[in-house]
Amino acid sequence: MRGIRIKRYRKFNRIKSPLGCLLYVYLLIMLIAFILILIIYLSKEPKKPPQNDIKISKIKRSEAFKRGMEMINFVWKYDASKNGVVDNNEITMPRHLKDGELTSGIPYCWGGYISLDMSNQPQIKNFKDALDKGLIAGNINTNGGYKQLTAGLDCSGFVGAVFKIPIKVSTQTLGDYFHPIKFEDLKPMDIINHEKYHVFIYLKESADKKGIIVMEATTGKNEIFDRTTISYRSYSEIKKIY
C-alpha cells in the first residue's frame, strides 16, 4: 500500500511541476482557440460573388415580355442527323421532337443557358448556332448537373434569358437580381420563384379566377411541355408548393 501511495504522489507531483503546468495551460489555450475559430467559421455566412463585376441592364416589362414570347414562338425544324450523339443514359430528349418536323419553342435543357441571342458557352453564339454545330437539342433528364453538348433552357435559364442576365442563374441565385414582393402585389412579368423547385413568370390571373397564366421553361406529363411555353398554374398548386 505504501509503495502505491508514493507512486501516485510522485505522479501527482510531475503533473503539477512548473513545466507540466505550462504545458497544461498551453494545451488549454490551444483548445479554446480552436473552439472559437470553429464557432466563427460555422457562424460566418458564405460570401456572395461580387455583383459589381456583372453589368445588368435595366429592361422594361414590355421588352421582357417580347423576349419571352419570341422564345416561346420560335419555329424551327428538328434534324436528327445533326443532333449530336444521344446514346447516353444521362440524356433524355424532349418528347415533342420528331425528325424532319417543325416545332416551336426552345427545348427544355437541364442546366442549359442557350437562347435565341444568349449563351454561356464561348464557342456557341445562340440556339441556332448550337444546332448547326451538332449540339443535342434539349435534355429533360434532371439527375445530376448540366450535361455537356446539350442546348436549350431550363426554368431559371429561361428567366435569365428573358431579363438579359449575362450569366447562368439558378433558382438559388435569382434572388441576387430581383427583390421580394407580396403575392397579392404581382404584376405582369414578375417572377414566382421557389429556390429548391421551380421558377416561372407571372402574366395574369386565369379566366376562372382559380389560378394564373405564366410563361416558363418546363417539363411535364404531356409532350406539349419540355420547352418554353405558356401554361396554367392553379392557386392550390402554388399554395402547396410555394
# chains A, B, ... in the order shown; residues from 1 in each chain; ligands from 1
$ residues_around --residues "A:Asn73" --least-positions-apart "2" --cutoff "9 Å" --atoms "only C-alpha atoms" --output "PyMOL selection string"
chain A and resi 68-71+75+104-106+228-229
$ residues_around --residues "stretch 131-136 of chain A" --least-positions-apart "2" --cutoff "7 Å" --atoms "only C-alpha atoms" --output "PDB file with all heavy atoms, in the first residue's frame"
ATOM      1  N   LYS A  82     -28.310  15.960 -87.385  1.00  0.00           N
ATOM      2  CA  LYS A  82     -27.396  16.995 -86.875  1.00  0.00           C
ATOM      3  C   LYS A  82     -27.417  17.071 -85.348  1.00  0.00           C
ATOM      4  O   LYS A  82     -26.790  17.951 -84.757  1.00  0.00           O
ATOM      5  CB  LYS A  82     -27.797  18.362 -87.442  1.00  0.00           C
ATOM      6  CG  LYS A  82     -27.655  18.478 -88.946  1.00  0.00           C
ATOM      7  CD  LYS A  82     -28.241  19.783 -89.459  1.00  0.00           C
ATOM      8  CE  LYS A  82     -27.574  20.989 -88.851  1.00  0.00           C
ATOM      9  NZ  LYS A  82     -28.113  22.262 -89.398  1.00  0.00           N
ATOM     10  N   ASN A  83     -28.125  16.146 -84.734  1.00  0.00           N
ATOM     11  CA  ASN A  83     -28.417  16.293 -83.309  1.00  0.00           C
ATOM     12  C   ASN A  83     -27.409  15.628 -82.383  1.00  0.00           C
ATOM     13  O   ASN A  83     -27.768  15.147 -81.314  1.00  0.00           O
ATOM     14  CB  ASN A  83     -29.817  15.749 -83.017  1.00  0.00           C
ATOM     15  CG  ASN A  83     -30.332  16.218 -81.673  1.00  0.00           C
ATOM     16  OD1 ASN A  83     -30.312  17.397 -81.370  1.00  0.00           O
ATOM     17  ND2 ASN A  83     -30.769  15.270 -80.868  1.00  0.00           N
ATOM     18  N   GLY A  84     -26.166  15.607 -82.754  1.00  0.00           N
ATOM     19  CA  GLY A  84     -25.146  15.068 -81.860  1.00  0.00           C
ATOM     20  C   GLY A  84     -25.337  13.585 -81.560  1.00  0.00           C
ATOM     21  O   GLY A  84     -26.030  12.865 -82.276  1.00  0.00           O
ATOM     22  N   PHE A 127     -28.937  29.514 -79.858  1.00  0.00           N
ATOM     23  CA  PHE A 127     -29.512  28.181 -80.043  1.00  0.00           C
ATOM     24  C   PHE A 127     -29.348  27.687 -81.476  1.00  0.00           C
ATOM     25  O   PHE A 127     -29.010  26.515 -81.708  1.00  0.00           O
ATOM     26  CB  PHE A 127     -30.990  28.196 -79.651  1.00  0.00           C
ATOM     27  CG  PHE A 127     -31.655  26.867 -79.791  1.00  0.00           C
ATOM     28  CD1 PHE A 127     -31.319  25.804 -78.951  1.00  0.00           C
ATOM     29  CD2 PHE A 127     -32.617  26.648 -80.764  1.00  0.00           C
ATOM     30  CE1 PHE A 127     -31.926  24.555 -79.088  1.00  0.00           C
ATOM     31  CE2 PHE A 127     -33.237  25.408 -80.902  1.00  0.00           C
ATOM     32  CZ  PHE A 127     -32.887  24.361 -80.066  1.00  0.00           C
ATOM     33  N   LYS A 128     -29.587  28.546 -82.455  1.00  0.00           N
ATOM     34  CA  LYS A 128     -29.428  28.136 -83.849  1.00  0.00           C
ATOM     35  C   LYS A 128     -27.990  27.721 -84.129  1.00  0.00           C
ATOM     36  O   LYS A 128     -27.742  26.715 -84.813  1.00  0.00           O
ATOM     37  CB  LYS A 128     -29.841  29.280 -84.787  1.00  0.00           C
ATOM     38  CG  LYS A 128     -29.815  28.907 -86.256  1.00  0.00           C
ATOM     39  CD  LYS A 128     -30.269  30.074 -87.129  1.00  0.00           C
ATOM     40  CE  LYS A 128     -30.278  29.676 -88.605  1.00  0.00           C
ATOM     41  NZ  LYS A 128     -28.961  29.229 -89.093  1.00  0.00           N
ATOM     42  N   ASP A 129     -27.050  28.476 -83.630  1.00  0.00           N
ATOM     43  CA  ASP A 129     -25.639  28.140 -83.797  1.00  0.00           C
ATOM     44  C   ASP A 129     -25.312  26.802 -83.136  1.00  0.00           C
ATOM     45  O   ASP A 129     -24.533  26.007 -83.672  1.00  0.00           O
ATOM     46  CB  ASP A 129     -24.776  29.250 -83.201  1.00  0.00           C
ATOM     47  CG  ASP A 129     -23.286  29.034 -83.430  1.00  0.00           C
ATOM     48  OD1 ASP A 129     -22.892  28.715 -84.565  1.00  0.00           O
ATOM     49  OD2 ASP A 129     -22.510  29.187 -82.462  1.00  0.00           O
ATOM     50  N   GLY A 138     -31.835  19.915 -76.314  1.00  0.00           N
ATOM     51  CA  GLY A 138     -32.585  19.675 -75.083  1.00  0.00           C
ATOM     52  C   GLY A 138     -32.162  18.441 -74.303  1.00  0.00           C
ATOM     53  O   GLY A 138     -31.505  17.539 -74.825  1.00  0.00           O
ATOM     54  N   LEU A 149     -22.615  19.422 -74.161  1.00  0.00           N
ATOM     55  CA  LEU A 149     -23.064  19.339 -75.554  1.00  0.00           C
ATOM     56  C   LEU A 149     -24.574  19.249 -75.694  1.00  0.00           C
ATOM     57  O   LEU A 149     -25.094  18.736 -76.688  1.00  0.00           O
ATOM     58  CB  LEU A 149     -22.395  18.149 -76.263  1.00  0.00           C
ATOM     59  CG  LEU A 149     -20.860  18.174 -76.305  1.00  0.00           C
ATOM     60  CD1 LEU A 149     -20.326  16.960 -77.043  1.00  0.00           C
ATOM     61  CD2 LEU A 149     -20.356  19.449 -76.967  1.00  0.00           C
ATOM     62  N   THR A 150     -25.323  19.743 -74.702  1.00  0.00           N
ATOM     63  CA  THR A 150     -26.766  19.878 -74.826  1.00  0.00           C
ATOM     64  C   THR A 150     -27.111  21.359 -74.908  1.00  0.00           C
ATOM     65  O   THR A 150     -26.401  22.203 -74.365  1.00  0.00           O
ATOM     66  CB  THR A 150     -27.502  19.235 -73.642  1.00  0.00           C
ATOM     67  OG1 THR A 150     -27.045  19.820 -72.403  1.00  0.00           O
ATOM     68  CG2 THR A 150     -27.247  17.731 -73.602  1.00  0.00           C
ATOM     69  N   ALA A 151     -28.199  21.669 -75.609  1.00  0.00           N
ATOM     70  CA  ALA A 151     -28.550  23.071 -75.854  1.00  0.00           C
ATOM     71  C   ALA A 151     -30.014  23.334 -75.539  1.00  0.00           C
ATOM     72  O   ALA A 151     -30.884  22.515 -75.844  1.00  0.00           O
ATOM     73  CB  ALA A 151     -28.261  23.442 -77.305  1.00  0.00           C
TER      74      ALA A 151
END
$ select_by_dssp --residues "stretch 65-211 of chain A" --states "alpha helix (DSSP H)" --output "list in words"
Phe65, Lys66, Arg67, Gly68, Met69, Glu70, Met71, Ile72, Asn73, Phe127, Lys128, Asp129, Ala130, Leu131, Asp132, Cys155, Ser156, Gly157, Phe158, Val159, Gly160, Ala161 and Val162 of chain A
$ write_last_selection --atoms "N, CA, C and O atoms" --output "mmCIF file, in the first residue's frame"
data_model
loop_
_atom_site.group_PDB
_atom_site.id
_atom_site.type_symbol
_atom_site.label_atom_id
_atom_site.label_comp_id
_atom_site.auth_asym_id
_atom_site.auth_seq_id
_atom_site.Cartn_x
_atom_site.Cartn_y
_atom_site.Cartn_z
ATOM 1 N N PHE A 65 -41.354 40.857 -71.927
ATOM 2 C CA PHE A 65 -42.469 40.061 -72.463
ATOM 3 C C PHE A 65 -42.208 39.691 -73.916
ATOM 4 O O PHE A 65 -42.409 38.537 -74.327
ATOM 5 N N LYS A 66 -41.762 40.653 -74.698
ATOM 6 C CA LYS A 66 -41.467 40.393 -76.110
ATOM 7 C C LYS A 66 -40.387 39.327 -76.252
ATOM 8 O O LYS A 66 -40.509 38.421 -77.084
ATOM 9 N N ARG A 67 -39.348 39.420 -75.433
ATOM 10 C CA ARG A 67 -38.265 38.440 -75.499
ATOM 11 C C ARG A 67 -38.781 37.037 -75.145
ATOM 12 O O ARG A 67 -38.440 36.053 -75.797
ATOM 13 N N GLY A 68 -39.596 36.964 -74.112
ATOM 14 C CA GLY A 68 -40.135 35.669 -73.719
ATOM 15 C C GLY A 68 -41.002 35.054 -74.807
ATOM 16 O O GLY A 68 -40.885 33.859 -75.112
ATOM 17 N N MET A 69 -41.865 35.855 -75.421
ATOM 18 C CA MET A 69 -42.750 35.344 -76.465
ATOM 19 C C MET A 69 -41.967 34.945 -77.720
ATOM 20 O O MET A 69 -42.349 33.998 -78.418
ATOM 21 N N GLU A 70 -40.888 35.644 -78.005
ATOM 22 C CA GLU A 70 -40.058 35.259 -79.151
ATOM 23 C C GLU A 70 -39.468 33.865 -78.944
ATOM 24 O O GLU A 70 -39.379 33.075 -79.896
ATOM 25 N N MET A 71 -39.068 33.573 -77.727
ATOM 26 C CA MET A 71 -38.527 32.239 -77.434
ATOM 27 C C MET A 71 -39.618 31.174 -77.472
ATOM 28 O O MET A 71 -39.404 30.047 -77.926
ATOM 29 N N ILE A 72 -40.797 31.528 -76.996
ATOM 30 C CA ILE A 72 -41.918 30.579 -76.980
ATOM 31 C C ILE A 72 -42.414 30.299 -78.398
ATOM 32 O O ILE A 72 -42.748 29.161 -78.744
ATOM 33 N N ASN A 73 -42.447 31.299 -79.233
ATOM 34 C CA ASN A 73 -42.990 31.160 -80.594
ATOM 35 C C ASN A 73 -41.931 30.824 -81.642
ATOM 36 O O ASN A 73 -42.254 30.721 -82.830
ATOM 37 N N PHE A 127 -28.937 29.514 -79.858
ATOM 38 C CA PHE A 127 -29.512 28.181 -80.043
ATOM 39 C C PHE A 127 -29.348 27.687 -81.476
ATOM 40 O O PHE A 127 -29.010 26.515 -81.708
ATOM 41 N N LYS A 128 -29.587 28.546 -82.455
ATOM 42 C CA LYS A 128 -29.428 28.136 -83.849
ATOM 43 C C LYS A 128 -27.990 27.721 -84.129
ATOM 44 O O LYS A 128 -27.742 26.715 -84.813
ATOM 45 N N ASP A 129 -27.050 28.476 -83.630
ATOM 46 C CA ASP A 129 -25.639 28.140 -83.797
ATOM 47 C C ASP A 129 -25.312 26.802 -83.136
ATOM 48 O O ASP A 129 -24.533 26.007 -83.672
ATOM 49 N N ALA A 130 -25.923 26.543 -81.993
ATOM 50 C CA ALA A 130 -25.707 25.276 -81.294
ATOM 51 C C ALA A 130 -26.183 24.097 -82.133
ATOM 52 O O ALA A 130 -25.504 23.057 -82.232
ATOM 53 N N LEU A 131 -27.351 24.248 -82.774
ATOM 54 C CA LEU A 131 -27.858 23.177 -83.633
ATOM 55 C C LEU A 131 -26.950 22.963 -84.833
ATOM 56 O O LEU A 131 -26.670 21.819 -85.223
ATOM 57 N N ASP A 132 -26.496 24.045 -85.435
ATOM 58 C CA ASP A 132 -25.608 23.945 -86.600
ATOM 59 C C ASP A 132 -24.294 23.251 -86.246
ATOM 60 O O ASP A 132 -23.673 22.621 -87.108
ATOM 61 N N CYS A 155 -35.686 26.151 -66.383
ATOM 62 C CA CYS A 155 -36.620 27.176 -65.904
ATOM 63 C C CYS A 155 -35.914 28.479 -65.541
ATOM 64 O O CYS A 155 -36.335 29.565 -65.948
ATOM 65 N N SER A 156 -34.832 28.392 -64.786
ATOM 66 C CA SER A 156 -34.118 29.605 -64.399
ATOM 67 C C SER A 156 -33.342 30.193 -65.573
ATOM 68 O O SER A 156 -33.156 31.414 -65.665
ATOM 69 N N GLY A 157 -32.892 29.337 -66.477
ATOM 70 C CA GLY A 157 -32.219 29.816 -67.676
ATOM 71 C C GLY A 157 -33.153 30.647 -68.538
ATOM 72 O O GLY A 157 -32.757 31.683 -69.096
ATOM 73 N N PHE A 158 -34.407 30.221 -68.635
ATOM 74 C CA PHE A 158 -35.398 30.977 -69.400
ATOM 75 C C PHE A 158 -35.628 32.351 -68.777
ATOM 76 O O PHE A 158 -35.630 33.371 -69.473
ATOM 77 N N VAL A 159 -35.787 32.391 -67.462
ATOM 78 C CA VAL A 159 -35.979 33.672 -66.770
ATOM 79 C C VAL A 159 -34.765 34.571 -66.983
ATOM 80 O O VAL A 159 -34.901 35.765 -67.270
ATOM 81 N N GLY A 160 -33.570 34.008 -66.863
ATOM 82 C CA GLY A 160 -32.354 34.787 -67.076
ATOM 83 C C GLY A 160 -32.286 35.349 -68.482
ATOM 84 O O GLY A 160 -31.897 36.511 -68.684
ATOM 85 N N ALA A 161 -32.672 34.545 -69.477
ATOM 86 C CA ALA A 161 -32.625 34.995 -70.868
ATOM 87 C C ALA A 161 -33.681 36.063 -71.138
ATOM 88 O O ALA A 161 -33.433 37.019 -71.881
ATOM 89 N N VAL A 162 -34.861 35.917 -70.539
ATOM 90 C CA VAL A 162 -35.923 36.912 -70.714
ATOM 91 C C VAL A 162 -35.470 38.278 -70.207
ATOM 92 O O VAL A 162 -35.690 39.308 -70.847
#
$ closest_residue --among "A:Gly144, A:Gly152, A:Pro188, A:Gly100" --to "A:Gly112" --atoms "only C-alpha atoms"
A:Gly152
$ decode --residues "stretch 62-90 of chain A" --atoms "N, CA, C and O atoms" --output "PDB file, in the first residue's frame"
ATOM      1  N   SER A  62     -42.334  45.403 -70.941  1.00  0.00           N
ATOM      2  CA  SER A  62     -42.794  45.149 -72.307  1.00  0.00           C
ATOM      3  C   SER A  62     -41.711  44.469 -73.142  1.00  0.00           C
ATOM      4  O   SER A  62     -41.997  43.577 -73.947  1.00  0.00           O
ATOM      5  N   GLU A  63     -40.472  44.901 -72.952  1.00  0.00           N
ATOM      6  CA  GLU A  63     -39.368  44.274 -73.696  1.00  0.00           C
ATOM      7  C   GLU A  63     -39.134  42.842 -73.211  1.00  0.00           C
ATOM      8  O   GLU A  63     -38.894  41.941 -74.017  1.00  0.00           O
ATOM      9  N   ALA A  64     -39.200  42.645 -71.895  1.00  0.00           N
ATOM     10  CA  ALA A  64     -39.027  41.303 -71.351  1.00  0.00           C
ATOM     11  C   ALA A  64     -40.120  40.369 -71.875  1.00  0.00           C
ATOM     12  O   ALA A  64     -39.856  39.217 -72.243  1.00  0.00           O
ATOM     13  N   PHE A  65     -41.354  40.857 -71.927  1.00  0.00           N
ATOM     14  CA  PHE A  65     -42.469  40.061 -72.463  1.00  0.00           C
ATOM     15  C   PHE A  65     -42.208  39.691 -73.916  1.00  0.00           C
ATOM     16  O   PHE A  65     -42.409  38.537 -74.327  1.00  0.00           O
ATOM     17  N   LYS A  66     -41.762  40.653 -74.698  1.00  0.00           N
ATOM     18  CA  LYS A  66     -41.467  40.393 -76.110  1.00  0.00           C
ATOM     19  C   LYS A  66     -40.387  39.327 -76.252  1.00  0.00           C
ATOM     20  O   LYS A  66     -40.509  38.421 -77.084  1.00  0.00           O
ATOM     21  N   ARG A  67     -39.348  39.420 -75.433  1.00  0.00           N
ATOM     22  CA  ARG A  67     -38.265  38.440 -75.499  1.00  0.00           C
ATOM     23  C   ARG A  67     -38.781  37.037 -75.145  1.00  0.00           C
ATOM     24  O   ARG A  67     -38.440  36.053 -75.797  1.00  0.00           O
ATOM     25  N   GLY A  68     -39.596  36.964 -74.112  1.00  0.00           N
ATOM     26  CA  GLY A  68     -40.135  35.669 -73.719  1.00  0.00           C
ATOM     27  C   GLY A  68     -41.002  35.054 -74.807  1.00  0.00           C
ATOM     28  O   GLY A  68     -40.885  33.859 -75.112  1.00  0.00           O
ATOM     29  N   MET A  69     -41.865  35.855 -75.421  1.00  0.00           N
ATOM     30  CA  MET A  69     -42.750  35.344 -76.465  1.00  0.00           C
ATOM     31  C   MET A  69     -41.967  34.945 -77.720  1.00  0.00           C
ATOM     32  O   MET A  69     -42.349  33.998 -78.418  1.00  0.00           O
ATOM     33  N   GLU A  70     -40.888  35.644 -78.005  1.00  0.00           N
ATOM     34  CA  GLU A  70     -40.058  35.259 -79.151  1.00  0.00           C
ATOM     35  C   GLU A  70     -39.468  33.865 -78.944  1.00  0.00           C
ATOM     36  O   GLU A  70     -39.379  33.075 -79.896  1.00  0.00           O
ATOM     37  N   MET A  71     -39.068  33.573 -77.727  1.00  0.00           N
ATOM     38  CA  MET A  71     -38.527  32.239 -77.434  1.00  0.00           C
ATOM     39  C   MET A  71     -39.618  31.174 -77.472  1.00  0.00           C
ATOM     40  O   MET A  71     -39.404  30.047 -77.926  1.00  0.00           O
ATOM     41  N   ILE A  72     -40.797  31.528 -76.996  1.00  0.00           N
ATOM     42  CA  ILE A  72     -41.918  30.579 -76.980  1.00  0.00           C
ATOM     43  C   ILE A  72     -42.414  30.299 -78.398  1.00  0.00           C
ATOM     44  O   ILE A  72     -42.748  29.161 -78.744  1.00  0.00           O
ATOM     45  N   ASN A  73     -42.447  31.299 -79.233  1.00  0.00           N
ATOM     46  CA  ASN A  73     -42.990  31.160 -80.594  1.00  0.00           C
ATOM     47  C   ASN A  73     -41.931  30.824 -81.642  1.00  0.00           C
ATOM     48  O   ASN A  73     -42.254  30.721 -82.830  1.00  0.00           O
ATOM     49  N   PHE A  74     -40.687  30.668 -81.228  1.00  0.00           N
ATOM     50  CA  PHE A  74     -39.613  30.364 -82.172  1.00  0.00           C
ATOM     51  C   PHE A  74     -39.890  29.044 -82.889  1.00  0.00           C
ATOM     52  O   PHE A  74     -40.101  27.999 -82.263  1.00  0.00           O
ATOM     53  N   VAL A  75     -39.922  29.100 -84.219  1.00  0.00           N
ATOM     54  CA  VAL A  75     -40.223  27.916 -85.033  1.00  0.00           C
ATOM     55  C   VAL A  75     -38.942  27.419 -85.706  1.00  0.00           C
ATOM     56  O   VAL A  75     -38.195  28.210 -86.300  1.00  0.00           O
ATOM     57  N   TRP A  76     -38.702  26.124 -85.624  1.00  0.00           N
ATOM     58  CA  TRP A  76     -37.517  25.530 -86.230  1.00  0.00           C
ATOM     59  C   TRP A  76     -37.792  24.071 -86.578  1.00  0.00           C
ATOM     60  O   TRP A  76     -38.758  23.469 -86.096  1.00  0.00           O
ATOM     61  N   LYS A  77     -36.950  23.522 -87.433  1.00  0.00           N
ATOM     62  CA  LYS A  77     -37.120  22.131 -87.851  1.00  0.00           C
ATOM     63  C   LYS A  77     -36.086  21.253 -87.153  1.00  0.00           C
ATOM     64  O   LYS A  77     -34.884  21.532 -87.200  1.00  0.00           O
ATOM     65  N   TYR A  78     -36.559  20.211 -86.517  1.00  0.00           N
ATOM     66  CA  TYR A  78     -35.649  19.289 -85.831  1.00  0.00           C
ATOM     67  C   TYR A  78     -35.032  18.319 -86.846  1.00  0.00           C
ATOM     68  O   TYR A  78     -35.751  17.643 -87.593  1.00  0.00           O
ATOM     69  N   ASP A  79     -33.722  18.257 -86.859  1.00  0.00           N
ATOM     70  CA  ASP A  79     -32.989  17.382 -87.780  1.00  0.00           C
ATOM     71  C   ASP A  79     -32.161  16.411 -86.947  1.00  0.00           C
ATOM     72  O   ASP A  79     -31.136  16.784 -86.375  1.00  0.00           O
ATOM     73  N   ALA A  80     -32.608  15.178 -86.863  1.00  0.00           N
ATOM     74  CA  ALA A  80     -31.935  14.180 -86.028  1.00  0.00           C
ATOM     75  C   ALA A  80     -30.510  13.914 -86.495  1.00  0.00           C
ATOM     76  O   ALA A  80     -29.642  13.574 -85.687  1.00  0.00           O
ATOM     77  N   SER A  81     -30.240  14.086 -87.803  1.00  0.00           N
ATOM     78  CA  SER A  81     -28.901  13.798 -88.317  1.00  0.00           C
ATOM     79  C   SER A  81     -27.874  14.807 -87.816  1.00  0.00           C
ATOM     80  O   SER A  81     -26.678  14.534 -87.815  1.00  0.00           O
ATOM     81  N   LYS A  82     -28.310  15.960 -87.385  1.00  0.00           N
ATOM     82  CA  LYS A  82     -27.396  16.995 -86.875  1.00  0.00           C
ATOM     83  C   LYS A  82     -27.417  17.071 -85.348  1.00  0.00           C
ATOM     84  O   LYS A  82     -26.790  17.951 -84.757  1.00  0.00           O
ATOM     85  N   ASN A  83     -28.125  16.146 -84.734  1.00  0.00           N
ATOM     86  CA  ASN A  83     -28.417  16.293 -83.309  1.00  0.00           C
ATOM     87  C   ASN A  83     -27.409  15.628 -82.383  1.00  0.00           C
ATOM     88  O   ASN A  83     -27.768  15.147 -81.314  1.00  0.00           O
ATOM     89  N   GLY A  84     -26.166  15.607 -82.754  1.00  0.00           N
ATOM     90  CA  GLY A  84     -25.146  15.068 -81.860  1.00  0.00           C
ATOM     91  C   GLY A  84     -25.337  13.585 -81.560  1.00  0.00           C
ATOM     92  O   GLY A  84     -26.030  12.865 -82.276  1.00  0.00           O
ATOM     93  N   VAL A  85     -24.740  13.135 -80.490  1.00  0.00           N
ATOM     94  CA  VAL A  85     -24.821  11.727 -80.082  1.00  0.00           C
ATOM     95  C   VAL A  85     -25.720  11.638 -78.863  1.00  0.00           C
ATOM     96  O   VAL A  85     -25.436  12.210 -77.821  1.00  0.00           O
ATOM     97  N   VAL A  86     -26.809  10.891 -78.982  1.00  0.00           N
ATOM     98  CA  VAL A  86     -27.767  10.814 -77.874  1.00  0.00           C
ATOM     99  C   VAL A  86     -27.844   9.420 -77.244  1.00  0.00           C
ATOM    100  O   VAL A  86     -28.728   9.146 -76.451  1.00  0.00           O
ATOM    101  N   ASP A  87     -26.925   8.517 -77.610  1.00  0.00           N
ATOM    102  CA  ASP A  87     -26.930   7.187 -76.987  1.00  0.00           C
ATOM    103  C   ASP A  87     -26.241   7.298 -75.621  1.00  0.00           C
ATOM    104  O   ASP A  87     -25.181   6.732 -75.380  1.00  0.00           O
ATOM    105  N   ASN A  88     -26.860   8.045 -74.738  1.00  0.00           N
ATOM    106  CA  ASN A  88     -26.302   8.351 -73.429  1.00  0.00           C
ATOM    107  C   ASN A  88     -27.442   8.298 -72.427  1.00  0.00           C
ATOM    108  O   ASN A  88     -28.436   9.017 -72.562  1.00  0.00           O
ATOM    109  N   ASN A  89     -27.316   7.445 -71.408  1.00  0.00           N
ATOM    110  CA  ASN A  89     -28.412   7.299 -70.454  1.00  0.00           C
ATOM    111  C   ASN A  89     -28.573   8.507 -69.538  1.00  0.00           C
ATOM    112  O   ASN A  89     -29.519   8.557 -68.756  1.00  0.00           O
ATOM    113  N   GLU A  90     -27.658   9.472 -69.636  1.00  0.00           N
ATOM    114  CA  GLU A  90     -27.798  10.692 -68.842  1.00  0.00           C
ATOM    115  C   GLU A  90     -28.591  11.765 -69.574  1.00  0.00           C
ATOM    116  O   GLU A  90     -28.884  12.815 -69.007  1.00  0.00           O
TER     117      GLU A  90
END
